[in-house]
Amino acid sequence: MSSTKTNPGYFFEDYHVGQILNHATPRTLHDGDVAMYQALYGPRFAMQSARTFGAFVALDDLITFHAVFGKTVPDISLNAVANLGYAEGRFLARAQSGDTIHSVSEVIGLKENSNEKTGIVWVRTHGYANGDRPVLEYVRWVMVRKRDTSAPAPETVVPDLAKAVEAEDLQVPEGLDWSNYDFAMAGEPHRWGDYEVGEIIDHVDGVTLTDPEHMMATRLWQNTAKVHFDVTARPDGKRLIYGGHIISMARALSFNGLANAQLIAGINAGAHANPAMAGDTVYAWSEVLDKAETTNPHVGALRLRLVATKVNAGELRGEDGKYLPDVLLDLDYWVLIPR
Amino acid sequence: MSSTKTNPGYFFEDYHVGQILNHATPRTLHDGDVAMYQALYGPRFAMQSARTFGAFVALDDLITFHAVFGKTVPDISLNAVANLGYAEGRFLARAQSGDTIHSVSEVIGLKENSNEKTGIVWVRTHGYANGDRPVLEYVRWVMVRKRDTSAPAPETVVPDLAKAVEAEDLQVPEGLDWSNYDFAMAGEPHRWGDYEVGEIIDHVDGVTLTDPEHMMATRLWQNTAKVHFDVTARPDGKRLIYGGHIISMARALSFNGLANAQLIAGINAGAHANPAMAGDTVYAWSEVLDKAETTNPHVGALRLRLVATKVNAGELRGEDGKYLPDVLLDLDYWVLIPR
Amino acid sequence: MSSTKTNPGYFFEDYHVGQILNHATPRTLHDGDVAMYQALYGPRFAMQSARTFGAFVALDDLITFHAVFGKTVPDISLNAVANLGYAEGRFLARAQSGDTIHSVSEVIGLKENSNEKTGIVWVRTHGYANGDRPVLEYVRWVMVRKRDTSAPAPETVVPDLAKAVEAEDLQVPEGLDWSNYDFAMAGEPHRWGDYEVGEIIDHVDGVTLTDPEHMMATRLWQNTAKVHFDVTARPDGKRLIYGGHIISMARALSFNGLANAQLIAGINAGAHANPAMAGDTVYAWSEVLDKAETTNPHVGALRLRLVATKVNAGELRGEDGKYLPDVLLDLDYWVLIPR
């Protein structure tokens, strides 16, 4: 059985540098998504939990991230072997309930692998609300299969990506007023000045993953990659958990110790170090990598490493420099926190 | 322990032709239902995904179907042995977020089975929004147990049902403007004229079913049939999955190849060919059965067979003419698609 | 790995009588929560199901209960060994979609146990909507671990709690108009006068519990107690189900026989008699304990015992007076029902 109507997804040789991909099916985000997100991860950050907190009404930044990301899957990662990295991510404006999100990606790099069976595709993705308001941009790169291994290799173009977003390039939302920030209602007293570079924060709690939850999460963002849903898609009969599920779970766990890290401003780098499956228990810890002031006198920025692991311990890499098998996520990102 | 207060449901001898059943508990549909539906099935049809797409705001037609259907369960299928078929289904208007749905059924046929233990009940169900706006009507028939096997058989009345809804009886929503339909944002370029009668479309992807998901889906529509929830209700200790769960899953899978089949206009026939259980992996394929123009010059109708199976193959019936054991659903329905 | 930033929760010696706990992270309730609640429990009470029913728009009272309760967990039960009881619970006003809930608790009793390792803490919790509108108050008491077993015992203060809320203290919502109550649409004909003290109502249906569902329910209310989420938190490798999950499941099952018990007015007492785990099948029965008129001529009050069990039978206690091992919940509460 075959069909000329169904979309097989793009293979490596279908991409060229400069190509623009207008991803299909815009998606209106609304309060229902907020409740699903709440049920799936249990976040407690006050600005997304209560509309009265600071009178700042916005969706969780990771809802925006998943919505923008989900749109790109049919065109970028349907035939992907691996999701290799993120860089130069910036949240540019906050999406509100009722906003319609769509995504556009540009291919900015290509490199065929020496095995001639796969190649690496770099794209810069732009997410928009309601047609033209930029809400998020980021670079990600994936390893994609070739349809035809005899297809010639494209010219290698490896983009020059920043190690981290510069603090002065982070967008502080206009009108964000933390002059009377209520630390008691937010859950913790720690402000920007209380965190030190090099400090490690253990987020204590663990959550054991289940298949129905990660499938519901993944479908919510219209991410259609087969390995998340079909037990016959992998030799081990297991469903691979969408990496974004781990990001959201770790971010929700990080409330304990980072309750005032209300907004995500940038994504510097990220690695899904090992696959996650149902039955794994996820713990998280954070390291403060850098600190910066912003143009808003009440708002500071922290650069954090957020690590999700399957054991409640702080080891990240083995003696060989590789991620230990229990590490699921190593995310380098910027948050905004009251000064 | 027993009670005079609890509802045992209707048995076969409780029905008579012409009987009107005003089903209890109207249900207001809202954005929360949209998010649950998104999480459970992952649909990507643009008109329900984005409020900006064609400026046409409506709930997924299957949300309306499930809400109308769910209301009928306590009065029609609580003591049902089998859900036998559907006919003459028409979507008459689109429900919006905020609409309150209720259902009324009329008994239009009765036939006791030769075993004198069960009988077949035909009902025509009407779904209304906000009291009096018809949104959906359909006929379904179920096999229902007798309370008392010695009760006399009613006069047999078998309704004369159309094999399919006539294309000219399909309702095209007033104000539906597809003159500037955005095929790129909808996800596929295929319009009405690109489909041929007899064409088969393999929807490629599979989804492995789980118990928590189908129970949440079934409760969402206030469908209370015991076999879906209680592992002690069947000898095999398994929960039978609500047939509507398979319809929604197959419809969502059908996006891949039928992305522009935005609206469901009619249900001609349907068989839940075999029971579905957690652990089954559902695939889907469609066959174009018929094509018709509509009164709207930009809107065409396709009559489709949507088949859900447990193996990714196109076989439907065995040499004996019976459904193969891997077939879960055979649904004959009309969709509206841009011409 | 440790951190000065993370919250270890309160231990027994951290409490003193008269202490006020302003619980963090207010939570805005909305339609998304309504849909999640619908999917998790399947309630059919007409006043919460349909906005048109009696033109009375309100969230399910148990949504308010869970939201208020969830706020208290990080400050009261994070180190709790057991949730021992409830008393003097009153629903004071109905929360609407869009209301923001926060909770404040006062410590009203303390008693160290003779083992010197744990103690009992009594708190009176007040839930508010939008800052200052009281929606719920109740007393609960929990057994909490000591951080340091050598810490001196506090003076014992055991509060004098009412066996039940007096009927005249129940709040009937202002503007509640049941003069034209639609019994047919509500699902059952039984009004206040049809129930007799001592009457037992078997709610018939059973639901088998799953881990993903109770975790989603628990996170929805930002309840973070570790034993619900982390399979390594208990020696048996099982996740303990949040007691409130059983309350909501039993209440939803009680529709069958108590369809007109639309609103919860008071909580007199409650015991989570035995732990519930995934795989348990929950049944429910009710006993009418008392009846009272209210100041509204169309509104009566019933005092009910709602019992959830793992076997479909009416036994509650063994010959020793203790709860039988299959009993999960024994809740004594007041409902409002049309007279």
# chains A, B, ... in the order shown; residues from 1 in each chain; ligands from 1
>>> select_by_dssp(residues="segment 3-213 of chain C", states="strand (DSSP E or B)", output="PyMOL selection string")
chain C and resi 20-22+27-28+80-91+100-112+118-129+133-145+157+200-202+207-208
>>> write_last_selection(atoms="C-alpha atoms", output="compact mmCIF listing (two decimals), in the first residue's frame")
# COMPACT_ATOMS: atom_id res chain seq x y z
CA ILE C 20 0.03 31.89 60.17
CA LEU C 21 1.16 30.25 56.92
CA ASN C 22 0.57 32.30 53.77
CA ARG C 27 -3.48 29.69 41.06
CA THR C 28 -5.96 30.98 38.50
CA ALA C 80 3.76 14.36 56.61
CA VAL C 81 3.53 10.68 57.44
CA ALA C 82 -0.26 10.59 57.27
CA ASN C 83 -3.24 12.78 56.50
CA LEU C 84 -5.40 12.09 59.55
CA GLY C 85 -8.66 13.94 59.25
CA TYR C 86 -10.87 16.84 58.23
CA ALA C 87 -13.47 18.84 60.17
CA GLU C 88 -15.49 22.03 60.11
CA GLY C 89 -15.28 22.40 56.35
CA ARG C 90 -17.59 24.96 54.76
CA PHE C 91 -17.92 26.13 51.18
CA THR C 100 -7.45 33.21 41.34
CA ILE C 101 -7.23 31.07 44.46
CA HIS C 102 -4.81 31.38 47.33
CA SER C 103 -4.75 29.77 50.78
CA VAL C 104 -3.80 30.79 54.29
CA SER C 105 -3.53 28.35 57.21
CA GLU C 106 -3.36 28.89 60.94
CA VAL C 107 -1.85 26.28 63.25
CA ILE C 108 -4.54 25.56 65.85
CA GLY C 109 -3.18 22.47 67.58
CA LEU C 110 -0.01 20.49 68.24
CA LYS C 111 0.62 17.18 69.98
CA GLU C 112 3.86 15.26 69.96
CA THR C 118 6.47 12.54 65.03
CA GLY C 119 3.67 14.82 66.08
CA ILE C 120 0.22 15.86 65.03
CA VAL C 121 -0.39 19.33 63.58
CA TRP C 122 -3.90 20.79 63.31
CA VAL C 123 -4.42 23.65 60.86
CA ARG C 124 -7.43 25.70 59.88
CA THR C 125 -7.09 26.58 56.20
CA HIS C 126 -8.89 29.45 54.48
CA GLY C 127 -9.18 29.60 50.70
CA TYR C 128 -9.77 32.92 48.98
CA ALA C 129 -10.71 33.95 45.47
CA ARG C 133 -13.36 36.57 48.83
CA PRO C 134 -13.55 33.52 51.15
CA VAL C 135 -14.53 30.42 49.20
CA LEU C 136 -13.69 27.58 51.57
CA GLU C 137 -12.48 26.91 55.10
CA TYR C 138 -11.67 23.61 56.78
CA VAL C 139 -9.59 22.06 59.53
CA ARG C 140 -7.24 19.22 58.76
CA TRP C 141 -4.66 17.41 60.83
CA VAL C 142 -1.61 15.53 59.74
CA MET C 143 1.16 13.52 61.34
CA VAL C 144 4.50 15.22 60.66
CA ARG C 145 8.05 13.98 61.21
CA VAL C 157 -3.00 21.83 72.34
CA ILE C 200 -27.99 3.43 51.61
CA ILE C 201 -27.31 4.17 47.94
CA ASP C 202 -25.07 1.85 45.96
CA VAL C 207 -13.24 2.54 37.95
CA THR C 208 -9.81 0.95 37.87
>>> interface_residues(of="chain B", to="chain C", cutoff="10 Å", atoms="only C-alpha atoms", output="PyMOL selection string")
chain B and resi 1-8+22-37+71+74+98-102+130-131+211-233+239
>>> atom_distance(atom1="atom CA of Gly321 of chain B", atom2="atom CA of Gly243 of chain B")
21.8 Å
>>> select_by_dssp(residues="segment 45-262 of chain A", states="alpha helix (DSSP H)", output="PyMOL selection string")
chain A and resi 46-49+61-76+183-186+211-220+243-253+255-258
>>> closest_residue(among="A:Leu324, A:Leu78, A:Val288, A:Val299", to="Glu174 of chain A", atoms="only C-alpha atoms")
A:Val299
>>> atom_distance(atom1="atom CA of Asn268 of chain A", atom2="atom CA of Tyr242 of chain A")
19.7 Å
